[in-house]
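For reference, protein08.cif is printed below; it contains mmCIF, C-alpha atoms.
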data_start
loop_
_atom_site.label_atom_id
_atom_site.label_comp_id
_atom_site.auth_asym_id
_atom_site.auth_seq_id
_atom_site.Cartn_x
_atom_site.Cartn_y
_atom_site.Cartn_z
CA MET I 1 -19.20 3.63 8.67
CA ASN I 2 -19.64 1.38 11.67
CA CYS I 3 -18.55 -2.25 12.00
CA ASP I 4 -21.87 -3.67 10.79
CA GLU I 5 -21.78 -1.51 7.66
CA ILE I 6 -18.17 -2.45 6.93
CA ARG I 7 -18.57 -6.17 7.55
CA GLN I 8 -20.27 -6.84 4.23
CA ASP I 9 -17.43 -5.06 2.41
CA TYR I 10 -14.50 -6.98 3.93
CA THR I 11 -13.85 -9.03 0.82
CA SER I 12 -14.46 -6.30 -1.72
CA TYR I 13 -11.95 -4.18 0.21
CA ALA I 14 -9.45 -7.04 0.40
CA LEU I 15 -9.78 -7.63 -3.33
CA GLY I 16 -9.39 -3.92 -4.00
CA ILE I 17 -12.73 -3.68 -5.79
CA ALA I 18 -14.61 -1.50 -3.31
CA ASP I 19 -15.39 1.92 -4.72
CA ASP I 20 -13.22 4.85 -3.65
CA ALA I 21 -15.65 6.19 -1.06
CA GLU I 22 -16.12 2.75 0.50
CA SER I 23 -12.36 2.11 0.51
CA ALA I 24 -11.66 5.44 2.15
CA ALA I 25 -14.29 4.83 4.82
CA ILE I 26 -12.92 1.35 5.53
CA ALA I 27 -9.34 2.63 5.64
CA GLN I 28 -10.33 5.30 8.13
CA HIS I 29 -12.11 2.70 10.25
CA LEU I 30 -9.14 0.31 10.13
CA ALA I 31 -6.78 3.12 11.04
CA ARG I 32 -8.58 3.27 14.37
CA LYS I 33 -7.41 -0.32 14.93
CA CYS I 34 -10.92 -1.73 15.33
CA PRO I 35 -9.96 -5.30 16.33
CA ASP I 36 -13.04 -7.01 14.88
CA CYS I 37 -12.71 -5.35 11.48
CA VAL I 38 -8.94 -5.85 11.32
CA ARG I 39 -9.56 -9.57 11.92
CA GLY I 40 -12.34 -9.57 9.33
CA ILE I 41 -10.21 -7.88 6.68
CA ALA I 42 -7.26 -10.15 7.50
CA SER I 43 -9.51 -13.18 7.01
CA ALA I 44 -10.67 -11.77 3.68
CA MET I 45 -7.03 -11.18 2.73
CA ALA I 46 -6.40 -14.89 3.36
CA THR I 47 -9.17 -15.74 0.90
CA VAL I 48 -7.70 -13.39 -1.69
CA THR I 49 -4.28 -14.93 -1.13
CA ALA I 50 -5.70 -18.40 -1.60
CA MET I 51 -7.18 -17.30 -4.92
CA SER I 52 -3.66 -17.15 -6.31
CA GLY I 53 -3.85 -20.93 -6.31
CA ALA I 54 -6.08 -20.72 -9.39
CA VAL I 55 -3.41 -18.93 -11.41
CA GLN I 56 -1.73 -20.86 -14.20
CA ILE I 57 1.90 -21.30 -13.22
CA VAL I 58 4.46 -19.66 -15.50
CA GLU I 59 8.17 -20.31 -15.02
CA PRO I 60 10.14 -17.10 -14.58
CA PRO I 61 13.41 -16.89 -16.51
CA PRO I 62 16.41 -18.02 -14.42
CA ARG I 63 18.04 -14.60 -14.78
CA LEU I 64 15.20 -13.01 -12.80
CA ARG I 65 16.38 -14.47 -9.51
CA ARG I 66 19.86 -13.04 -10.09
CA ARG I 67 18.32 -9.70 -10.99
CA VAL I 68 16.21 -9.60 -7.82
CA MET I 69 19.18 -10.57 -5.69
CA ALA I 70 21.39 -7.96 -7.32
CA THR I 71 18.79 -5.29 -6.66
CA VAL I 72 18.50 -5.96 -2.94
CA GLU I 73 22.23 -6.39 -2.53
CA GLN I 74 22.76 -2.95 -4.01
CA THR I 75 20.48 -1.28 -1.46
CA PRO I 76 22.12 -0.06 1.75
CA ARG I 77 22.43 -2.61 4.51
CA ARG I 78 21.66 -0.19 7.27
CA SER I 79 19.37 -1.41 9.99
CA TRP I 80 15.93 0.11 10.16
CA ALA I 81 16.83 1.61 13.48
CA GLY I 82 19.34 3.58 11.45
CA VAL I 83 17.00 4.59 8.70
CA PHE I 84 13.55 5.19 10.03
CA VAL I 85 14.17 6.75 13.39
CA PRO I 86 16.41 9.57 12.14
CA TRP I 87 13.61 10.63 9.81
CA ALA I 88 11.29 10.78 12.79
CA ILE I 89 13.87 12.70 14.77
CA THR I 90 14.58 14.99 11.85
CA ALA I 91 10.90 15.69 11.49
CA ALA I 92 10.45 16.26 15.17
CA MET I 93 13.43 18.59 15.35
CA SER I 94 12.40 20.48 12.26
CA ILE I 95 8.89 20.93 13.53
CA ALA I 96 10.24 22.08 16.85
CA LEU I 97 12.42 24.62 15.04
CA VAL I 98 9.46 25.85 13.09
CA ALA I 99 7.55 26.18 16.33
CA ILE I 100 10.31 28.14 18.00
CA GLY I 101 11.81 30.14 15.22
CA VAL I 102 9.34 30.94 12.51
CA SER I 103 6.18 32.18 14.01
CA GLY I 104 5.66 33.21 17.61
CA ARG I 105 1.92 32.75 17.37
CA HIS I 106 2.43 29.06 16.68
CA GLN I 107 4.76 28.30 19.57
CA LEU I 108 2.16 26.70 21.80
CA GLY I 109 0.02 25.35 19.04
CA ASP I 110 2.77 23.26 17.51
CA THR I 111 3.06 20.75 20.33
CA PRO I 112 0.01 18.90 18.99
CA LYS I 113 1.50 19.28 15.53
CA LEU I 114 4.65 17.53 16.68
CA GLN I 115 2.59 14.76 18.23
CA GLN I 116 0.56 14.41 15.07
CA ALA I 117 3.72 14.14 12.98
CA LEU I 118 5.24 11.50 15.24
CA SER I 119 1.98 9.60 15.28
CA ILE I 120 2.02 9.48 11.47
CA LEU I 121 5.73 8.68 11.23
CA ASN I 122 5.62 5.82 13.69
CA ASP I 123 2.43 4.13 12.49
CA PRO I 124 3.14 0.84 10.66
CA ALA I 125 0.38 1.66 8.17
CA THR I 126 2.20 4.80 7.04
CA ARG I 127 3.61 4.76 3.53
CA ASP I 128 6.52 6.91 2.54
CA ALA I 129 8.19 7.95 -0.66
CA ALA I 130 11.33 9.92 -1.35
CA PHE I 131 11.57 12.58 -4.02
CA GLY I 132 14.57 14.23 -5.64
CA GLU I 133 18.19 13.50 -4.83
CA ALA I 134 20.16 14.69 -1.82
CA GLY I 135 21.90 17.97 -2.61
CA ARG I 136 19.77 18.58 -5.69
CA PRO I 137 16.83 20.97 -5.89
CA SER I 138 13.66 19.89 -4.12
CA ASN I 139 14.46 16.66 -2.36
CA GLY I 140 12.91 15.05 0.65
CA ARG I 141 10.31 12.57 1.72
CA VAL I 142 6.58 12.32 2.12
CA PHE I 143 4.79 10.17 4.69
CA GLU I 144 1.13 9.35 4.20
CA ASN I 145 -1.28 7.54 6.46
CA PRO I 146 -4.86 7.09 5.21
CA GLY I 147 -6.37 7.63 8.63
CA LYS I 148 -3.91 10.10 10.11
CA GLY I 149 -2.64 12.47 7.47
CA VAL I 150 0.47 13.61 5.65
CA VAL I 151 3.94 14.74 6.69
CA PHE I 152 6.02 16.48 4.03
CA ILE I 153 9.72 17.08 4.65
CA GLY I 154 11.56 19.01 1.92
CA ALA I 155 14.95 20.59 1.36
CA ASN I 156 16.43 22.83 -1.36
CA LEU I 157 12.93 24.05 -2.14
CA PRO I 158 12.57 26.83 -4.70
CA ARG I 159 12.56 30.46 -3.64
CA ILE I 160 9.15 32.00 -4.09
CA ASP I 161 7.85 35.57 -3.95
CA ALA I 162 6.11 36.88 -0.87
CA ASP I 163 2.74 36.75 -2.59
CA LYS I 164 3.15 33.06 -3.41
CA THR I 165 2.83 29.91 -1.37
CA PHE I 166 3.48 26.20 -1.69
CA GLU I 167 0.36 24.06 -1.93
CA LEU I 168 0.37 20.31 -1.26
CA TRP I 169 -2.05 18.10 -3.15
CA VAL I 170 -3.15 14.51 -2.85
CA ILE I 171 -3.58 12.81 -6.19
CA PRO I 172 -6.31 10.17 -5.86
CA ALA I 173 -6.36 6.99 -7.89
CA THR I 174 -9.02 8.62 -10.02
CA GLY I 175 -10.16 12.21 -10.22
CA ASN I 176 -8.64 15.63 -9.75
CA PRO I 177 -5.93 16.65 -7.28
CA VAL I 178 -7.29 17.39 -3.81
CA PRO I 179 -5.80 20.45 -2.06
CA ILE I 180 -4.41 19.55 1.34
CA GLY I 181 -2.76 22.68 2.66
CA LEU I 182 -0.45 25.64 2.24
CA PHE I 183 3.05 26.15 3.59
CA ARG I 184 6.22 28.17 3.02
CA SER I 185 9.87 27.20 3.36
CA GLN I 186 12.22 28.55 5.98
CA SER I 187 15.20 30.75 5.19
CA ASP I 188 17.36 27.69 4.54
CA ALA I 189 14.90 26.48 1.87
CA THR I 190 13.64 23.59 4.03
CA ALA I 191 10.10 22.93 5.13
CA VAL I 192 8.18 20.47 7.25
CA PHE I 193 4.46 20.45 6.66
CA VAL I 194 2.05 18.35 8.68
CA TRP I 195 -1.55 17.84 7.71
CA PRO I 196 -3.55 15.81 10.22
CA GLY I 197 -6.67 14.10 8.97
CA PRO I 198 -7.92 11.26 6.77
CA VAL I 199 -6.47 11.03 3.28
CA ALA I 200 -8.71 9.28 0.79
CA SER I 201 -7.07 6.90 -1.68
CA ALA I 202 -3.84 8.83 -2.21
CA ALA I 203 -1.93 7.47 -5.19
CA ALA I 204 0.60 10.30 -5.25
CA ILE I 205 1.51 13.60 -3.61
CA GLN I 206 2.46 16.76 -5.46
CA VAL I 207 3.45 20.29 -4.54
CA THR I 208 2.90 23.40 -6.64
CA VAL I 209 3.55 27.12 -6.27
CA GLU I 210 0.26 28.99 -5.98
CA PRO I 211 -0.94 32.54 -5.28
CA GLN I 212 -1.19 33.41 -1.60
CA GLY I 213 -4.36 31.83 -0.24
CA GLY I 214 -3.99 28.80 -2.45
CA SER I 215 -5.94 27.50 -5.43
CA ALA I 216 -8.81 25.10 -5.85
CA GLN I 217 -6.88 23.31 -8.62
CA PRO I 218 -3.17 23.53 -9.49
CA THR I 219 -2.30 26.58 -11.60
CA THR I 220 1.40 25.76 -12.06
CA LYS I 221 3.37 22.67 -12.96
CA PRO I 222 4.20 20.69 -9.79
CA PHE I 223 7.84 20.82 -8.77
CA VAL I 224 7.41 17.77 -6.56
CA VAL I 225 5.51 14.69 -7.68
CA THR I 226 5.98 11.47 -5.80
CA LYS I 227 4.03 8.28 -6.23
CA LEU I 228 3.14 6.45 -3.02
CA MET H 229 6.01 -24.27 5.02
CA SER H 230 6.29 -24.42 8.81
CA ALA H 231 5.72 -21.56 11.20
CA GLU H 232 9.38 -21.86 12.21
CA HIS H 233 10.48 -21.38 8.62
CA ASP H 234 8.26 -18.33 8.24
CA GLU H 235 9.49 -16.81 11.46
CA ASP H 236 13.13 -17.47 10.65
CA LEU H 237 12.67 -16.03 7.17
CA ALA H 238 11.00 -12.88 8.50
CA ARG H 239 13.72 -12.37 11.09
CA ARG H 240 16.44 -12.72 8.46
CA LEU H 241 14.62 -10.22 6.24
CA GLN H 242 14.58 -7.80 9.14
CA ARG H 243 18.32 -8.31 9.62
CA ARG H 244 18.73 -7.33 5.96
CA ASP H 245 20.15 -10.71 5.03
CA PRO H 246 20.03 -10.85 1.22
CA GLU H 247 19.93 -14.64 1.30
CA ALA H 248 16.53 -14.34 2.95
CA ILE H 249 15.27 -12.69 -0.23
CA GLY H 250 16.78 -15.60 -2.15
CA ASP H 251 14.87 -18.05 0.03
CA LEU H 252 11.66 -16.06 -0.33
CA TYR H 253 12.18 -16.06 -4.08
CA ASP H 254 12.75 -19.83 -4.15
CA ARG H 255 9.55 -20.44 -2.21
CA PHE H 256 7.21 -17.89 -3.74
CA GLY H 257 8.92 -16.22 -6.69
CA ARG H 258 7.38 -18.52 -9.28
CA LEU H 259 3.85 -18.07 -7.94
CA ALA H 260 4.25 -14.31 -7.56
CA TYR H 261 5.60 -14.09 -11.12
CA SER H 262 2.66 -16.18 -12.37
CA VAL H 263 0.17 -13.90 -10.63
CA ILE H 264 1.77 -10.86 -12.23
CA VAL H 265 1.89 -12.46 -15.69
CA ALA H 266 -1.78 -13.41 -15.39
CA ILE H 267 -2.63 -9.76 -14.78
CA VAL H 268 -0.27 -7.82 -17.06
CA ARG H 269 0.15 -10.52 -19.77
CA ASP H 270 3.63 -9.29 -20.62
CA ALA H 271 6.73 -11.21 -19.48
CA ALA H 272 9.10 -8.24 -19.58
CA VAL H 273 6.75 -6.06 -17.55
CA ALA H 274 6.22 -8.94 -15.14
CA GLU H 275 9.96 -9.18 -14.52
CA ASP H 276 10.11 -5.49 -13.64
CA LEU H 277 7.13 -5.75 -11.33
CA LEU H 278 8.41 -8.86 -9.56
CA GLN H 279 11.68 -7.09 -8.91
CA GLU H 280 9.73 -4.13 -7.58
CA ALA H 281 7.66 -6.37 -5.31
CA PHE H 282 10.73 -8.00 -3.77
CA LEU H 283 12.34 -4.63 -3.26
CA ARG H 284 9.23 -3.46 -1.46
CA VAL H 285 9.38 -6.48 0.85
CA TRP H 286 13.08 -5.81 1.42
CA ASN H 287 12.45 -2.18 2.29
CA ARG H 288 9.45 -2.83 4.51
CA ALA H 289 10.47 -5.98 6.33
CA HIS H 290 10.98 -3.96 9.50
CA LEU H 291 7.19 -3.55 9.71
CA PHE H 292 6.64 -7.29 9.91
CA ASP H 293 5.98 -9.17 13.13
CA PRO H 294 8.12 -12.27 12.60
CA GLY H 295 6.23 -14.28 15.20
CA ARG H 296 2.83 -13.75 13.56
CA GLY H 297 3.34 -12.93 9.93
CA ALA H 298 3.50 -14.93 6.75
CA PRO H 299 6.00 -13.38 4.33
CA GLY H 300 4.77 -15.39 1.33
CA PRO H 301 1.17 -14.15 1.40
CA TRP H 302 2.46 -10.63 2.00
CA LEU H 303 4.73 -10.86 -1.05
CA LEU H 304 1.84 -12.18 -3.16
CA ALA H 305 -0.40 -9.31 -2.11
CA ILE H 306 2.30 -6.81 -3.00
CA ALA H 307 2.95 -8.53 -6.34
CA ARG H 308 -0.74 -8.49 -7.24
CA ASN H 309 -1.07 -4.85 -6.22
CA ARG H 310 1.92 -3.85 -8.34
CA ALA H 311 0.48 -5.69 -11.32
CA ILE H 312 -2.99 -4.21 -11.00
CA ASP H 313 -1.48 -0.78 -10.55
CA ARG H 314 0.21 -1.32 -13.90
CA VAL H 315 -3.02 -2.06 -15.76
CA ARG H 316 -5.06 0.57 -13.94
CA THR H 317 -4.26 3.24 -11.39
CA TYR H 318 -4.64 1.43 -8.12
CA ASP H 319 -4.08 2.44 -4.55
CA PRO H 320 -3.26 -0.55 -2.33
CA GLY H 321 -3.93 1.54 0.77
CA LEU H 322 -3.77 -0.59 3.88
CA ARG H 323 -3.91 -3.80 1.87
CA GLU H 324 -0.12 -4.08 2.12
CA ASP H 325 -0.08 -3.51 5.86
CA PRO H 326 1.87 -6.49 7.25
CA SER H 327 -0.45 -6.67 10.25
CA LEU H 328 -3.21 -7.92 7.94
CA PHE H 329 -1.07 -10.99 7.29
CA ALA H 330 -0.52 -11.71 10.96
CA ASP H 331 -1.55 -15.20 11.94
CA MET H 332 -2.64 -15.94 8.39
CA GLU H 333 -3.12 -19.62 7.87
CA ARG H 334 0.38 -20.73 6.98
CA ASP H 335 -0.59 -23.34 4.46
CA VAL H 336 -2.97 -21.01 2.65
CA LEU H 337 -0.73 -21.37 -0.40
CA ASN H 338 -0.24 -25.12 -0.38
CA ALA H 339 -1.10 -27.42 -3.25
CA ASP H 340 -4.26 -28.72 -1.58
CA HIS H 341 -5.69 -25.26 -1.28
CA ALA H 342 -4.75 -24.55 -4.90
CA ARG H 343 -6.71 -27.60 -6.02
CA VAL H 344 -9.67 -26.62 -3.86
CA ILE H 345 -9.76 -23.07 -5.15
CA ARG H 346 -9.51 -24.16 -8.80
CA LYS H 347 -12.36 -26.62 -8.32
CA ALA H 348 -14.41 -24.06 -6.39
CA ILE H 349 -14.01 -21.45 -9.13
CA SER H 350 -14.91 -23.99 -11.80
CA THR H 351 -18.22 -24.69 -10.07
CA LEU H 352 -19.25 -21.04 -9.84
CA GLY H 353 -22.02 -19.78 -12.07
CA ALA H 354 -20.95 -17.87 -15.17
CA ASN H 355 -21.64 -14.41 -13.73
CA GLN H 356 -20.05 -15.23 -10.41
CA ARG H 357 -16.95 -16.59 -12.13
CA LYS H 358 -16.81 -13.50 -14.32
CA VAL H 359 -16.85 -11.09 -11.37
CA VAL H 360 -14.18 -13.14 -9.58
CA GLU H 361 -11.97 -12.91 -12.66
CA LEU H 362 -12.60 -9.19 -13.11
CA ALA H 363 -11.85 -8.67 -9.44
CA TYR H 364 -8.75 -10.80 -9.07
CA TYR H 365 -7.08 -10.25 -12.43
CA GLU H 366 -8.15 -6.70 -13.19
CA GLY H 367 -8.91 -5.15 -9.81
CA LEU H 368 -11.95 -3.64 -11.47
CA SER H 369 -14.22 -1.84 -9.01
CA GLN H 370 -17.71 -3.18 -8.56
CA THR H 371 -19.00 -0.06 -10.29
CA GLY H 372 -16.59 -0.76 -13.14
CA MET H 373 -17.79 -4.35 -13.33
CA ALA H 374 -21.40 -3.21 -13.48
CA GLU H 375 -20.54 -0.90 -16.38
CA ARG H 376 -18.46 -3.56 -18.16
CA MET H 377 -21.13 -6.23 -17.77
CA GLY H 378 -24.06 -3.90 -18.33
CA GLU H 379 -25.69 -5.08 -15.13
CA PRO H 380 -27.04 -3.24 -12.07
CA LEU H 381 -24.48 -2.49 -9.37
CA GLY H 382 -26.54 -4.21 -6.71
CA LEU H 383 -26.64 -7.41 -8.73
CA VAL H 384 -22.87 -7.32 -9.30
CA LYS H 385 -22.26 -6.84 -5.59
CA ALA H 386 -24.51 -9.80 -4.86
CA TRP H 387 -22.57 -11.97 -7.34
CA VAL H 388 -19.31 -10.98 -5.69
CA ARG H 389 -20.62 -11.78 -2.23
CA GLU H 390 -22.05 -15.11 -3.32
CA ALA H 391 -18.91 -16.09 -5.21
CA VAL H 392 -16.59 -15.25 -2.35
CA LYS H 393 -18.87 -16.97 0.15
CA HIS H 394 -18.72 -20.10 -1.99
CA LEU H 395 -14.92 -19.94 -2.21
CA ARG H 396 -14.59 -19.44 1.51
CA GLU H 397 -16.89 -22.34 2.26
CA GLU H 398 -14.92 -24.57 -0.05
CA LEU H 399 -11.65 -23.48 1.50
CA GLY H 400 -13.06 -24.12 4.95
CA GLN H 401 -12.83 -22.34 8.25
CA SER H 402 -9.07 -22.47 8.28
CA VAL H 403 -9.01 -19.71 5.69
CA ALA H 404 -12.35 -18.10 6.28
CA ALA H 405 -11.58 -17.81 10.02
#

Can you give me the file's structure in the form of structure tokens?
Amino acid sequence: MNCDEIRQDYTSYALGIADDAESAAIAQHLARKCPDCVRGIASAMATVTAMSGAVQIVEPPPRLRRRVMATVEQTPRRSWAGVFVPWAITAAMSIALVAIGVSGRHQLGDTPKLQQALSILNDPATRDAAFGEAGRPSNGRVFENPGKGVVFIGANLPRIDADKTFELWVIPATGNPVPIGLFRSQSDATAVFVWPGPVASAAAIQVTVEPQGGSAQPTTKPFVVTKL
Amino acid sequence: MSAEHDEDLARRLQRRDPEAIGDLYDRFGRLAYSVIVAIVRDAAVAEDLLQEAFLRVWNRAHLFDPGRGAPGPWLLAIARNRAIDRVRTYDPGLREDPSLFADMERDVLNADHARVIRKAISTLGANQRKVVELAYYEGLSQTGMAERMGEPLGLVKAWVREAVKHLREELGQSVAA
């Protein structure tokens, strides 16, 4: 979609009522940082925000403030420089290790992969979600950017037979899982998987074990499911 | 709220100052809670979702540009998205990107605008008001609205466009930009 085609959908996108295909097309367009359309959507967002003024005011219970405060006070007080960047570094290092150590035929080809991963990780529009618990089976984090793709970083992944593979799926808001790509873990049961490309309306990410070559639809119960 | 207040609040959120969340709650918690209640119609669920919305702000404050952003509108967008996601599967996509709230009119949530928007909605035609309600409170897609109302999709889209155009005109250029 070009700017003229998107312009008439600014408000429906801002309200979240554009259909999936329209939303995906607009998200891809916005991901390219088109200044006119970003301004147009931002203006529509202001209108949507103003619409909250029509809502009948309901007093929240006094305990809710305490509850909100308690929740944020319980979360770690690390600076974002101490949280976000190490993930980017971890991803970069892991990808570099994959490039060097796993498959010789990928050594040159993985420089773009590293750049793609960093581009996704450092984009403010990227959403991320953790799964599992550190030290427990199958834990890690997924980064998703509608216009750029997906980075999956996992540890303690299950051992699978040589004729099996991991398959990553995007779960759209409506409809069936969409296969994104295949990957295998390294000998230490970790994996970094990068898929560059637009991701339409991802509501969640899941990973299954599939026969080598992958499946059109999941054939096993996902061992990773994380809502974005 | 002044630009200085917004900027100071955003900077304190980025420094992970819990009191900043308290200030944000005092300024916008009641409105955000009201938006959620209007959508989910369940007080207990609304409490959970408001907590979730504040936690999302807390965890994503580093993405905000303190000099240009408006934390209140951002919180409200997140609160509405969480609520709609509860009543139907909903992907906020880029609609929670803080950059979309950069330079947003800072008094977009003031009492004058609230009065204007209520009056503007009350003067909409029945079908236009219906699609605004289905859009804002249910996040129903235009295709879903057409099915619900038993009307052609093109007509529903026209009602949405006309309704929003009317609201924007009533709110004036300061919001419509």

8 Å contact set for Gly53 (chain I), all atoms listed in the file, chain neighbours under 4 positions out, as a list in words: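 Within the cut-off, the hits are Thr49 of chain I; Leu337, Ala339, His341, Ala342, Arg343, Ile345 and Arg346 of chain H.
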
Closest atom pairs, residues of chain H within 8 Å of chain I, only C-alpha atoms, as CSV:
residue,atom,partner,partner_atom,distance
H:Arg243,CA,I:Ser79,CA,7.0
H:Arg244,CA,I:Arg77,CA,6.2
H:Pro246,CA,I:Glu73,CA,6.2
H:Ile249,CA,I:Met69,CA,7.0
H:Gly250,CA,I:Met69,CA,6.6
H:Tyr253,CA,I:Arg65,CA,7.0
H:Arg258,CA,I:Glu59,CA,6.1
H:Leu259,CA,I:Ile57,CA,6.5
H:Tyr261,CA,I:Pro60,CA,6.5
H:Ser262,CA,I:Val58,CA,5.0
H:Val263,CA,I:Val55,CA,6.2
H:Val265,CA,I:Val58,CA,7.6
H:Ala266,CA,I:Val55,CA,7.0
H:Glu275,CA,I:Leu64,CA,6.7
H:Gln279,CA,I:Val68,CA,5.3
H:Phe282,CA,I:Val68,CA,7.0
H:Leu283,CA,I:Val72,CA,6.3
H:Trp286,CA,I:Val72,CA,7.0
H:His290,CA,I:Trp80,CA,6.4
H:Leu291,CA,I:Pro124,CA,6.0
H:Pro301,CA,I:Thr49,CA,6.1
H:Leu304,CA,I:Thr49,CA,7.0
H:Ala305,CA,I:Thr49,CA,6.9
H:Thr317,CA,I:Ala173,CA,5.5
H:Tyr318,CA,I:Ala173,CA,5.8
H:Asp319,CA,I:Ala203,CA,5.5
H:Pro320,CA,I:Gly16,CA,7.2
H:Gly321,CA,I:Ser201,CA,6.7
H:Leu322,CA,I:Ala125,CA,6.4
H:Arg323,CA,I:Ala14,CA,6.6
H:Asp325,CA,I:Ala125,CA,5.7
H:Leu328,CA,I:Ala42,CA,4.6
H:Phe329,CA,I:Ala42,CA,6.3
H:Ala330,CA,I:Ala42,CA,7.7
H:Met332,CA,I:Ala46,CA,6.4
H:Glu333,CA,I:Ala46,CA,7.3
H:Val336,CA,I:Ala50,CA,5.7
H:Leu337,CA,I:Ala50,CA,5.9
H:Ala339,CA,I:Gly53,CA,7.7
H:His341,CA,I:Ala50,CA,6.9
H:Ala342,CA,I:Gly53,CA,4.0
H:Arg343,CA,I:Gly53,CA,7.3
H:Ile345,CA,I:Ala54,CA,6.1
H:Arg346,CA,I:Ala54,CA,4.9
H:Ile349,CA,I:Ala54,CA,8.0
H:Ala363,CA,I:Ile17,CA,6.2
H:Tyr364,CA,I:Leu15,CA,6.6
H:Gly367,CA,I:Ile17,CA,5.7
H:Leu368,CA,I:Ile17,CA,5.7
H:Ser369,CA,I:Ile17,CA,4.0
H:Gln370,CA,I:Ile17,CA,5.7
H:Thr371,CA,I:Asp19,CA,6.9
H:Val388,CA,I:Ser12,CA,7.8
H:Arg389,CA,I:Thr11,CA,7.9
H:Val392,CA,I:Thr11,CA,7.5
H:Leu395,CA,I:Thr47,CA,7.8
H:Arg396,CA,I:Thr47,CA,6.6
H:Val403,CA,I:Ala46,CA,6.0
H:Ala404,CA,I:Ser43,CA,5.7
H:Ala405,CA,I:Ser43,CA,5.9

Contacts of Leu277 (chain H) at 10 Å (all atoms listed in the file; same-chain gap of 6+ positions) as a list in words: Ala260, Tyr261, Ile264, Val265, Val268, Ala271, Leu283, Ile306, Ala307, Arg308, Asn309, Arg310, Ala311, Asp313 and Arg314 of chain H

Between CA of Thr226 (chain I) and CA of Phe131 (chain I) - distance in Å to one decimal: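 Distance reported for this atom pair: 6.0 Å.
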
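Coordinates place CA of Leu241 (chain H) at a distance of 23.0 Å from CA of Ala274 (chain H).
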
Among listed residues I:Phe193, I:Cys37, I:Val209, I:Pro177, nearest Cys3 (chain I) (using all atoms listed in the file):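 Among I:Phe193, I:Cys37, I:Val209, I:Pro177, it is I:Cys37 that comes nearest to Cys3 (chain I).
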